[in-house]
file upload16.cif (mmCIF, all heavy atoms)
data_data
loop_
_atom_site.label_atom_id
_atom_site.label_comp_id
_atom_site.auth_asym_id
_atom_site.auth_seq_id
_atom_site.Cartn_x
_atom_site.Cartn_y
_atom_site.Cartn_z
N MET A 1 0.85 -1.19 0.00
CA MET A 1 0.00 0.00 0.00
C MET A 1 0.89 1.24 0.00
O MET A 1 1.82 1.35 0.79
CB MET A 1 -0.89 -0.04 1.24
CG MET A 1 -1.86 1.10 1.31
SD MET A 1 -3.32 0.71 2.29
CE MET A 1 -2.89 1.38 3.85
N LEU A 2 0.60 2.15 -0.89
CA LEU A 2 1.33 3.40 -0.96
C LEU A 2 0.66 4.42 -0.05
O LEU A 2 -0.52 4.70 -0.18
CB LEU A 2 1.32 3.95 -2.39
CG LEU A 2 1.98 3.09 -3.45
CD1 LEU A 2 1.64 3.62 -4.84
CD2 LEU A 2 3.48 3.08 -3.24
N GLU A 3 1.42 4.96 0.89
CA GLU A 3 0.87 5.96 1.81
C GLU A 3 1.75 7.19 1.82
O GLU A 3 2.94 7.12 1.56
CB GLU A 3 0.79 5.39 3.23
CG GLU A 3 -0.23 4.31 3.41
CD GLU A 3 -0.33 3.86 4.86
OE1 GLU A 3 0.63 4.09 5.62
OE2 GLU A 3 -1.37 3.30 5.22
N THR A 4 1.13 8.31 2.12
CA THR A 4 1.86 9.55 2.32
C THR A 4 1.16 10.37 3.39
O THR A 4 0.04 10.04 3.79
CB THR A 4 1.97 10.36 1.00
OG1 THR A 4 2.92 11.41 1.19
CG2 THR A 4 0.63 10.94 0.57
N THR A 5 1.80 11.39 3.85
CA THR A 5 1.17 12.31 4.80
C THR A 5 1.05 13.67 4.14
O THR A 5 1.81 14.00 3.22
CB THR A 5 1.99 12.45 6.10
OG1 THR A 5 3.30 12.91 5.78
CG2 THR A 5 2.07 11.12 6.84
N ALA A 6 0.09 14.45 4.60
CA ALA A 6 -0.09 15.81 4.10
C ALA A 6 -0.44 16.71 5.27
O ALA A 6 -1.23 16.33 6.14
CB ALA A 6 -1.20 15.84 3.06
N GLU A 7 0.17 17.86 5.32
CA GLU A 7 -0.14 18.86 6.33
C GLU A 7 -1.22 19.78 5.76
O GLU A 7 -1.04 20.36 4.70
CB GLU A 7 1.11 19.68 6.66
CG GLU A 7 2.27 18.88 7.22
CD GLU A 7 2.05 18.44 8.65
OE1 GLU A 7 1.50 19.24 9.44
OE2 GLU A 7 2.41 17.30 8.97
N VAL A 8 -2.34 19.88 6.48
CA VAL A 8 -3.45 20.73 6.02
C VAL A 8 -3.93 21.59 7.18
O VAL A 8 -3.67 21.29 8.34
CB VAL A 8 -4.63 19.89 5.47
CG1 VAL A 8 -4.20 19.08 4.26
CG2 VAL A 8 -5.21 18.98 6.53
N MET A 9 -4.65 22.65 6.85
CA MET A 9 -5.22 23.52 7.87
C MET A 9 -6.69 23.17 8.07
O MET A 9 -7.44 23.08 7.09
CB MET A 9 -5.08 24.98 7.47
CG MET A 9 -5.48 25.94 8.57
SD MET A 9 -5.12 27.68 8.19
CE MET A 9 -6.22 27.98 6.83
N CYS A 10 -7.09 22.98 9.31
CA CYS A 10 -8.50 22.69 9.61
C CYS A 10 -9.35 23.89 9.22
O CYS A 10 -9.04 25.02 9.60
CB CYS A 10 -8.66 22.39 11.10
SG CYS A 10 -10.40 22.22 11.60
N PRO A 11 -10.45 23.66 8.48
CA PRO A 11 -11.33 24.77 8.08
C PRO A 11 -12.14 25.34 9.25
O PRO A 11 -12.74 26.40 9.12
CB PRO A 11 -12.24 24.14 7.03
CG PRO A 11 -12.24 22.69 7.34
CD PRO A 11 -10.89 22.38 7.92
N HIS A 12 -12.16 24.64 10.38
CA HIS A 12 -12.92 25.11 11.54
C HIS A 12 -12.05 25.92 12.50
O HIS A 12 -12.38 27.04 12.84
CB HIS A 12 -13.52 23.93 12.31
CG HIS A 12 -14.52 23.15 11.53
ND1 HIS A 12 -15.80 23.58 11.29
CD2 HIS A 12 -14.41 21.95 10.90
CE1 HIS A 12 -16.45 22.68 10.57
NE2 HIS A 12 -15.62 21.69 10.31
N CYS A 13 -10.93 25.33 12.96
CA CYS A 13 -10.12 25.97 13.99
C CYS A 13 -8.83 26.60 13.46
O CYS A 13 -8.16 27.34 14.19
CB CYS A 13 -9.81 24.99 15.12
SG CYS A 13 -8.68 23.63 14.67
N GLY A 14 -8.45 26.29 12.22
CA GLY A 14 -7.26 26.88 11.63
C GLY A 14 -5.95 26.22 12.02
O GLY A 14 -4.89 26.66 11.59
N GLU A 15 -6.00 25.18 12.84
CA GLU A 15 -4.79 24.48 13.24
C GLU A 15 -4.27 23.60 12.11
O GLU A 15 -5.05 23.07 11.32
CB GLU A 15 -5.06 23.60 14.47
CG GLU A 15 -5.32 24.37 15.74
CD GLU A 15 -4.08 25.09 16.26
OE1 GLU A 15 -2.96 24.57 16.10
OE2 GLU A 15 -4.25 26.18 16.83
N THR A 16 -2.97 23.43 12.03
CA THR A 16 -2.36 22.55 11.04
C THR A 16 -2.38 21.13 11.59
O THR A 16 -1.96 20.89 12.72
CB THR A 16 -0.91 22.97 10.75
OG1 THR A 16 -0.92 24.30 10.24
CG2 THR A 16 -0.27 22.04 9.73
N ILE A 17 -2.91 20.20 10.79
CA ILE A 17 -2.98 18.80 11.19
C ILE A 17 -2.37 17.94 10.09
O ILE A 17 -2.23 18.37 8.96
CB ILE A 17 -4.43 18.36 11.49
CG1 ILE A 17 -5.32 18.56 10.26
CG2 ILE A 17 -5.00 19.09 12.69
CD1 ILE A 17 -6.70 17.95 10.39
N THR A 18 -2.01 16.72 10.46
CA THR A 18 -1.43 15.78 9.51
C THR A 18 -2.46 14.74 9.13
O THR A 18 -3.09 14.14 9.99
CB THR A 18 -0.21 15.07 10.13
OG1 THR A 18 0.75 16.06 10.52
CG2 THR A 18 0.43 14.11 9.15
N LEU A 19 -2.63 14.55 7.82
CA LEU A 19 -3.52 13.52 7.30
C LEU A 19 -2.67 12.40 6.71
O LEU A 19 -1.62 12.65 6.13
CB LEU A 19 -4.42 14.08 6.20
CG LEU A 19 -5.37 15.20 6.58
CD1 LEU A 19 -6.14 15.66 5.34
CD2 LEU A 19 -6.34 14.75 7.66
N PHE A 20 -3.12 11.17 6.86
CA PHE A 20 -2.47 10.02 6.25
C PHE A 20 -3.32 9.60 5.05
O PHE A 20 -4.51 9.31 5.21
CB PHE A 20 -2.35 8.88 7.26
CG PHE A 20 -1.44 9.22 8.40
CD1 PHE A 20 -1.92 9.81 9.55
CD2 PHE A 20 -0.08 8.96 8.30
CE1 PHE A 20 -1.08 10.15 10.59
CE2 PHE A 20 0.78 9.30 9.34
CZ PHE A 20 0.28 9.89 10.48
N LEU A 21 -2.73 9.61 3.86
CA LEU A 21 -3.46 9.35 2.63
C LEU A 21 -2.97 8.06 1.96
O LEU A 21 -1.76 7.82 1.89
CB LEU A 21 -3.28 10.52 1.67
CG LEU A 21 -3.64 11.90 2.22
CD1 LEU A 21 -3.29 12.98 1.22
CD2 LEU A 21 -5.10 11.97 2.60
N ASP A 22 -3.90 7.26 1.47
CA ASP A 22 -3.61 6.02 0.76
C ASP A 22 -3.51 6.33 -0.73
O ASP A 22 -4.52 6.58 -1.38
CB ASP A 22 -4.71 5.00 1.04
CG ASP A 22 -4.51 3.69 0.34
OD1 ASP A 22 -3.53 3.54 -0.41
OD2 ASP A 22 -5.35 2.79 0.54
N LEU A 23 -2.31 6.31 -1.28
CA LEU A 23 -2.11 6.68 -2.68
C LEU A 23 -2.41 5.55 -3.65
O LEU A 23 -2.34 5.73 -4.86
CB LEU A 23 -0.67 7.17 -2.90
CG LEU A 23 -0.29 8.42 -2.11
CD1 LEU A 23 1.15 8.81 -2.43
CD2 LEU A 23 -1.22 9.57 -2.39
N SER A 24 -2.77 4.36 -3.13
CA SER A 24 -3.13 3.26 -4.03
C SER A 24 -4.54 3.44 -4.57
O SER A 24 -4.96 2.73 -5.48
CB SER A 24 -3.00 1.91 -3.32
OG SER A 24 -3.95 1.80 -2.28
N ILE A 25 -5.29 4.41 -4.04
CA ILE A 25 -6.64 4.74 -4.52
C ILE A 25 -6.53 6.01 -5.36
O ILE A 25 -6.03 7.02 -4.89
CB ILE A 25 -7.60 4.94 -3.32
CG1 ILE A 25 -7.64 3.69 -2.46
CG2 ILE A 25 -8.98 5.35 -3.80
CD1 ILE A 25 -8.37 3.87 -1.15
N GLU A 26 -6.99 5.95 -6.62
CA GLU A 26 -6.82 7.08 -7.53
C GLU A 26 -7.55 8.34 -7.10
O GLU A 26 -7.07 9.44 -7.30
CB GLU A 26 -7.27 6.69 -8.94
CG GLU A 26 -6.32 5.76 -9.64
CD GLU A 26 -6.74 5.51 -11.08
OE1 GLU A 26 -7.51 6.31 -11.63
OE2 GLU A 26 -6.30 4.50 -11.63
N GLU A 27 -8.75 8.17 -6.53
CA GLU A 27 -9.54 9.33 -6.13
C GLU A 27 -10.38 8.93 -4.93
O GLU A 27 -10.98 7.86 -4.91
CB GLU A 27 -10.44 9.77 -7.29
CG GLU A 27 -11.04 11.14 -7.10
CD GLU A 27 -11.72 11.60 -8.38
OE1 GLU A 27 -11.04 11.75 -9.41
OE2 GLU A 27 -12.94 11.79 -8.34
N GLN A 28 -10.41 9.79 -3.92
CA GLN A 28 -11.15 9.46 -2.71
C GLN A 28 -11.69 10.72 -2.07
O GLN A 28 -11.08 11.78 -2.13
CB GLN A 28 -10.25 8.72 -1.72
CG GLN A 28 -10.99 8.19 -0.52
CD GLN A 28 -10.12 7.29 0.34
OE1 GLN A 28 -8.90 7.27 0.23
NE2 GLN A 28 -10.74 6.53 1.21
N SER A 29 -12.86 10.58 -1.43
CA SER A 29 -13.47 11.66 -0.67
C SER A 29 -14.08 11.04 0.57
O SER A 29 -14.80 10.05 0.48
CB SER A 29 -14.53 12.38 -1.50
OG SER A 29 -15.08 13.45 -0.77
N TYR A 30 -13.77 11.60 1.73
CA TYR A 30 -14.28 11.05 2.98
C TYR A 30 -14.36 12.15 4.04
O TYR A 30 -13.79 13.22 3.87
CB TYR A 30 -13.41 9.88 3.47
CG TYR A 30 -11.99 10.26 3.78
CD1 TYR A 30 -11.61 10.63 5.08
CD2 TYR A 30 -11.01 10.27 2.80
CE1 TYR A 30 -10.30 10.99 5.36
CE2 TYR A 30 -9.70 10.62 3.07
CZ TYR A 30 -9.36 10.97 4.36
OH TYR A 30 -8.06 11.33 4.64
N ILE A 31 -15.06 11.86 5.12
CA ILE A 31 -15.17 12.81 6.23
C ILE A 31 -14.27 12.34 7.36
O ILE A 31 -14.28 11.17 7.73
CB ILE A 31 -16.64 12.94 6.70
CG1 ILE A 31 -17.46 13.57 5.59
CG2 ILE A 31 -16.71 13.76 7.99
CD1 ILE A 31 -18.92 13.79 5.92
N GLU A 32 -13.47 13.27 7.87
CA GLU A 32 -12.57 12.99 8.98
C GLU A 32 -12.70 14.11 10.00
O GLU A 32 -12.86 15.27 9.63
CB GLU A 32 -11.12 12.91 8.47
CG GLU A 32 -10.13 12.58 9.56
CD GLU A 32 -8.76 12.23 9.02
OE1 GLU A 32 -8.66 11.60 7.95
OE2 GLU A 32 -7.78 12.58 9.68
N ASP A 33 -12.66 13.75 11.28
CA ASP A 33 -12.73 14.76 12.33
C ASP A 33 -11.35 15.36 12.56
O ASP A 33 -10.34 14.65 12.54
CB ASP A 33 -13.23 14.14 13.64
CG ASP A 33 -14.69 13.75 13.58
OD1 ASP A 33 -15.41 14.25 12.70
OD2 ASP A 33 -15.12 12.94 14.42
N CYS A 34 -11.31 16.66 12.79
CA CYS A 34 -10.06 17.34 13.11
C CYS A 34 -9.51 16.77 14.41
O CYS A 34 -10.25 16.59 15.39
CB CYS A 34 -10.31 18.83 13.24
SG CYS A 34 -8.87 19.76 13.85
N SER A 35 -8.21 16.50 14.44
CA SER A 35 -7.60 15.94 15.65
C SER A 35 -7.44 16.97 16.76
O SER A 35 -7.13 16.63 17.89
CB SER A 35 -6.24 15.32 15.31
OG SER A 35 -5.39 16.29 14.74
N VAL A 36 -7.68 18.25 16.45
CA VAL A 36 -7.57 19.31 17.44
C VAL A 36 -8.94 19.70 18.00
O VAL A 36 -9.19 19.64 19.19
CB VAL A 36 -6.85 20.55 16.87
CG1 VAL A 36 -6.81 21.68 17.88
CG2 VAL A 36 -5.45 20.18 16.40
N CYS A 37 -9.88 20.06 17.10
CA CYS A 37 -11.18 20.57 17.55
C CYS A 37 -12.32 19.57 17.40
O CYS A 37 -13.45 19.84 17.81
CB CYS A 37 -11.53 21.87 16.83
SG CYS A 37 -11.95 21.65 15.07
N CYS A 38 -12.05 18.42 16.78
CA CYS A 38 -13.03 17.33 16.61
C CYS A 38 -14.20 17.66 15.68
O CYS A 38 -15.19 16.93 15.66
CB CYS A 38 -13.53 16.82 17.95
SG CYS A 38 -12.22 16.20 19.00
N GLN A 39 -14.12 18.75 14.93
CA GLN A 39 -15.18 19.09 13.98
C GLN A 39 -14.96 18.31 12.68
O GLN A 39 -13.82 18.06 12.27
CB GLN A 39 -15.18 20.59 13.69
CG GLN A 39 -15.55 21.44 14.88
CD GLN A 39 -16.98 21.21 15.32
OE1 GLN A 39 -17.91 21.23 14.52
NE2 GLN A 39 -17.16 20.96 16.61
N PRO A 40 -16.06 17.92 12.00
CA PRO A 40 -15.91 17.13 10.77
C PRO A 40 -15.48 17.98 9.57
O PRO A 40 -15.91 19.12 9.41
CB PRO A 40 -17.32 16.57 10.54
CG PRO A 40 -18.22 17.58 11.18
CD PRO A 40 -17.46 18.11 12.37
N MET A 41 -14.62 17.40 8.75
CA MET A 41 -14.19 18.06 7.52
C MET A 41 -14.18 17.03 6.41
O MET A 41 -13.95 15.85 6.62
CB MET A 41 -12.82 18.70 7.69
CG MET A 41 -11.76 17.77 8.18
SD MET A 41 -10.27 18.68 8.61
CE MET A 41 -9.32 17.32 9.27
N THR A 42 -14.47 17.50 5.20
CA THR A 42 -14.46 16.63 4.03
C THR A 42 -13.07 16.71 3.39
O THR A 42 -12.59 17.79 3.08
CB THR A 42 -15.52 17.07 3.00
OG1 THR A 42 -16.80 17.04 3.62
CG2 THR A 42 -15.52 16.15 1.79
N VAL A 43 -12.45 15.54 3.25
CA VAL A 43 -11.13 15.43 2.64
C VAL A 43 -11.33 14.79 1.27
O VAL A 43 -11.90 13.71 1.16
CB VAL A 43 -10.19 14.57 3.50
CG1 VAL A 43 -8.83 14.41 2.83
CG2 VAL A 43 -10.05 15.15 4.90
N SER A 44 -10.87 15.44 0.23
CA SER A 44 -10.95 14.90 -1.14
C SER A 44 -9.56 14.98 -1.74
O SER A 44 -8.90 16.02 -1.64
CB SER A 44 -11.91 15.71 -2.00
OG SER A 44 -13.19 15.74 -1.42
N TYR A 45 -9.12 13.88 -2.35
CA TYR A 45 -7.82 13.92 -3.00
C TYR A 45 -7.78 12.99 -4.21
O TYR A 45 -8.61 12.10 -4.36
CB TYR A 45 -6.69 13.59 -2.02
CG TYR A 45 -6.64 12.16 -1.54
CD1 TYR A 45 -5.85 11.21 -2.18
CD2 TYR A 45 -7.36 11.76 -0.41
CE1 TYR A 45 -5.80 9.90 -1.73
CE2 TYR A 45 -7.30 10.47 0.04
CZ TYR A 45 -6.51 9.53 -0.61
OH TYR A 45 -6.46 8.24 -0.16
N SER A 46 -6.80 13.25 -5.06
CA SER A 46 -6.58 12.42 -6.24
C SER A 46 -5.09 12.15 -6.38
O SER A 46 -4.27 12.89 -5.85
CB SER A 46 -7.14 13.09 -7.50
OG SER A 46 -6.50 14.33 -7.70
N THR A 47 -4.78 11.07 -7.10
CA THR A 47 -3.39 10.69 -7.30
C THR A 47 -3.08 10.60 -8.79
O THR A 47 -3.99 10.47 -9.61
CB THR A 47 -3.08 9.33 -6.64
OG1 THR A 47 -3.84 8.31 -7.30
CG2 THR A 47 -3.42 9.34 -5.17
N ALA A 48 -1.81 10.68 -9.11
CA ALA A 48 -1.34 10.51 -10.48
C ALA A 48 0.09 10.00 -10.43
O ALA A 48 0.91 10.53 -9.67
CB ALA A 48 -1.41 11.82 -11.25
N ASP A 49 0.36 8.94 -11.17
CA ASP A 49 1.71 8.37 -11.24
C ASP A 49 2.27 8.05 -9.86
O ASP A 49 3.46 8.28 -9.59
CB ASP A 49 2.66 9.31 -11.99
CG ASP A 49 2.20 9.55 -13.42
OD1 ASP A 49 1.70 8.60 -14.06
OD2 ASP A 49 2.34 10.70 -13.89
N GLY A 50 1.42 7.56 -8.95
CA GLY A 50 1.86 7.15 -7.62
C GLY A 50 2.10 8.28 -6.65
O GLY A 50 2.58 8.06 -5.54
N GLY A 51 1.76 9.50 -7.04
CA GLY A 51 1.94 10.66 -6.16
C GLY A 51 0.64 11.42 -5.97
O GLY A 51 -0.34 11.21 -6.68
N LEU A 52 0.64 12.30 -5.02
CA LEU A 52 -0.54 13.12 -4.73
C LEU A 52 -0.68 14.19 -5.81
O LEU A 52 0.22 14.98 -6.05
CB LEU A 52 -0.38 13.76 -3.36
CG LEU A 52 -1.57 14.51 -2.79
CD1 LEU A 52 -2.78 13.57 -2.63
CD2 LEU A 52 -1.21 15.15 -1.47
N ALA A 53 -1.84 14.21 -6.49
CA ALA A 53 -2.07 15.17 -7.57
C ALA A 53 -2.90 16.35 -7.11
O ALA A 53 -2.72 17.48 -7.58
CB ALA A 53 -2.77 14.48 -8.74
N GLY A 54 -3.83 16.13 -6.18
CA GLY A 54 -4.67 17.21 -5.70
C GLY A 54 -5.25 16.88 -4.35
O GLY A 54 -5.49 15.72 -4.05
N LEU A 55 -5.43 17.90 -3.51
CA LEU A 55 -5.96 17.70 -2.16
C LEU A 55 -6.81 18.90 -1.79
O LEU A 55 -6.41 20.05 -1.99
CB LEU A 55 -4.79 17.55 -1.16
CG LEU A 55 -5.15 17.49 0.32
CD1 LEU A 55 -6.02 16.28 0.65
CD2 LEU A 55 -3.88 17.46 1.16
N ASN A 56 -8.01 18.63 -1.29
CA ASN A 56 -8.92 19.69 -0.86
C ASN A 56 -9.52 19.30 0.48
O ASN A 56 -9.96 18.17 0.65
CB ASN A 56 -10.02 19.90 -1.90
CG ASN A 56 -10.90 21.07 -1.54
OD1 ASN A 56 -10.42 22.16 -1.28
ND2 ASN A 56 -12.20 20.85 -1.51
N VAL A 57 -9.54 20.25 1.42
CA VAL A 57 -10.15 20.03 2.73
C VAL A 57 -11.11 21.17 2.98
O VAL A 57 -10.74 22.35 2.87
CB VAL A 57 -9.06 19.98 3.84
CG1 VAL A 57 -9.70 19.83 5.21
CG2 VAL A 57 -8.07 18.86 3.57
N GLU A 58 -12.36 20.83 3.32
CA GLU A 58 -13.35 21.87 3.61
C GLU A 58 -14.26 21.40 4.74
O GLU A 58 -14.32 20.20 5.05
CB GLU A 58 -14.15 22.23 2.38
CG GLU A 58 -14.84 21.07 1.71
CD GLU A 58 -15.40 21.45 0.35
OE1 GLU A 58 -14.78 22.21 -0.39
OE2 GLU A 58 -16.50 20.93 0.03
N ALA A 59 -14.95 22.34 5.34
CA ALA A 59 -15.87 22.00 6.42
C ALA A 59 -16.98 21.10 5.92
O ALA A 59 -17.55 21.34 4.85
CB ALA A 59 -16.46 23.29 7.01
N ALA A 60 -17.24 20.02 6.63
CA ALA A 60 -18.32 19.10 6.25
C ALA A 60 -19.65 19.74 6.57
O ALA A 60 -19.81 20.40 7.61
CB ALA A 60 -18.17 17.77 6.96
N SER A 61 -20.62 19.55 5.70
CA SER A 61 -21.93 20.16 5.94
C SER A 61 -22.90 19.15 6.46
O SER A 61 -22.72 17.97 6.41
CB SER A 61 -22.45 20.78 4.65
OG SER A 61 -22.43 19.85 3.61
#
call {"tool": "encode", "arguments": {"input": "upload16.cif", "output": "structure tokens"}}
result
Amino acid sequence: MLETTAEVMCPHCGETITLFLDLSIEEQSYIEDCSVCCQPMTVSYSTADGGLAGLNVEAAS
């Protein structure tokens, strides 16, 4: 399994958190709680050639 980490800013509290991403999946979207404020956020990412191609984090509705 190909994994990487990404540093992102929580859309709720503004703290920088680390996400662990599975790069063996070409495109994924899921809800994860912030490890600081516990508010839900939607994480969406895509991969290309075994690397991270795009990453978006926004407040979950």
call {"tool": "select_by_dssp", "arguments": {"input": "upload16.cif", "residues": "chain A", "states": "strand (DSSP E)", "output": "ChimeraX atom specification"}}
result
/A:3-9,16-22,27-33,40-48,51-59
call {"tool": "resolve_selection", "arguments": {"input": "upload16.cif", "expression": "the PyMOL selection byres (((chain A and resi 7 and name CA) around 6) and name CA)", "output": "mmCIF file with all heavy atoms, in the coordinates of the input"}}
result
data_model
loop_
_atom_site.group_PDB
_atom_site.id
_atom_site.type_symbol
_atom_site.label_atom_id
_atom_site.label_comp_id
_atom_site.auth_asym_id
_atom_site.auth_seq_id
_atom_site.Cartn_x
_atom_site.Cartn_y
_atom_site.Cartn_z
ATOM 1 N N ALA A 6 0.090 14.450 4.600
ATOM 2 C CA ALA A 6 -0.090 15.810 4.100
ATOM 3 C C ALA A 6 -0.440 16.710 5.270
ATOM 4 O O ALA A 6 -1.230 16.330 6.140
ATOM 5 C CB ALA A 6 -1.200 15.840 3.060
ATOM 6 N N VAL A 8 -2.340 19.880 6.480
ATOM 7 C CA VAL A 8 -3.450 20.730 6.020
ATOM 8 C C VAL A 8 -3.930 21.590 7.180
ATOM 9 O O VAL A 8 -3.670 21.290 8.340
ATOM 10 C CB VAL A 8 -4.630 19.890 5.470
ATOM 11 C CG1 VAL A 8 -4.200 19.080 4.260
ATOM 12 C CG2 VAL A 8 -5.210 18.980 6.530
ATOM 13 N N ILE A 17 -2.910 20.200 10.790
ATOM 14 C CA ILE A 17 -2.980 18.800 11.190
ATOM 15 C C ILE A 17 -2.370 17.940 10.090
ATOM 16 O O ILE A 17 -2.230 18.370 8.960
ATOM 17 C CB ILE A 17 -4.430 18.360 11.490
ATOM 18 C CG1 ILE A 17 -5.320 18.560 10.260
ATOM 19 C CG2 ILE A 17 -5.000 19.090 12.690
ATOM 20 C CD1 ILE A 17 -6.700 17.950 10.390
ATOM 21 N N THR A 18 -2.010 16.720 10.460
ATOM 22 C CA THR A 18 -1.430 15.780 9.510
ATOM 23 C C THR A 18 -2.460 14.740 9.130
ATOM 24 O O THR A 18 -3.090 14.140 9.990
ATOM 25 C CB THR A 18 -0.210 15.070 10.130
ATOM 26 O OG1 THR A 18 0.750 16.060 10.520
ATOM 27 C CG2 THR A 18 0.430 14.110 9.150
#
call {"tool": "closest_residue", "arguments": {"input": "upload16.cif", "among": "A:Ala60, A:Ala53, A:Cys13, A:Thr5", "to": "Met41 (chain A)", "atoms": "all atoms listed in the file"}}
result
A:Ala60
call {"tool": "residues_around", "arguments": {"input": "upload16.cif", "residues": "Cys37 (chain A)", "least_positions_apart": "2", "cutoff": "6 Å", "atoms": "all atoms listed in the file", "output": "list in words"}}
result
Cys10, His12, Cys13, Cys34, Ser35 and Gln39 of chain A
call {"tool": "residues_around", "arguments": {"input": "upload16.cif", "residues": "Gly54 (chain A)", "least_positions_apart": "6", "cutoff": "5 Å", "atoms": "all atoms listed in the file", "output": "PyMOL selection string"}}
result
chain A and resi 44-46
call {"tool": "atom_distance", "arguments": {"input": "upload16.cif", "atom1": "CA of Ile31 (chain A)", "atom2": "CA of Thr4 (chain A)"}}
result
17.8 Å
call {"tool": "atom_distance", "arguments": {"input": "upload16.cif", "atom1": "CA of Glu3 (chain A)", "atom2": "CA of Phe20 (chain A)"}}
result
6.9 Å
call {"tool": "closest_residue", "arguments": {"input": "upload16.cif", "among": "A:Ala59, A:Pro11, A:Leu23, A:Asp33", "to": "Thr47 (chain A)", "atoms": "only C-alpha atoms"}}
result
A:Leu23
call {"tool": "atom_distance", "arguments": {"input": "upload16.cif", "atom1": "atom N of Asp22 (chain A)", "atom2": "CB of Ser61 (chain A)"}}
result
23.2 Å
call {"tool": "axis_aligned_box", "arguments": {"input": "upload16.cif", "around": "region 37-42 of chain A", "padding_each_side": "5 Å", "output": "AutoDock Vina command-line options"}}
result
--center_x -13.8 --center_y 18.9 --center_z 10.4 --size_x 18.9 --size_y 16.0 --size_z 27.2
call {"tool": "closest_residue", "arguments": {"input": "upload16.cif", "among": "A:Ile25, A:Pro40, A:Leu2, A:Leu19", "to": "Val57 (chain A)", "atoms": "all heavy atoms"}}
result
A:Leu19
call {"tool": "closest_residue", "arguments": {"input": "upload16.cif", "among": "A:Glu27, A:Val36, A:Leu21, A:Val43", "to": "Glu58 (chain A)", "atoms": "all heavy atoms"}}
result
A:Val43
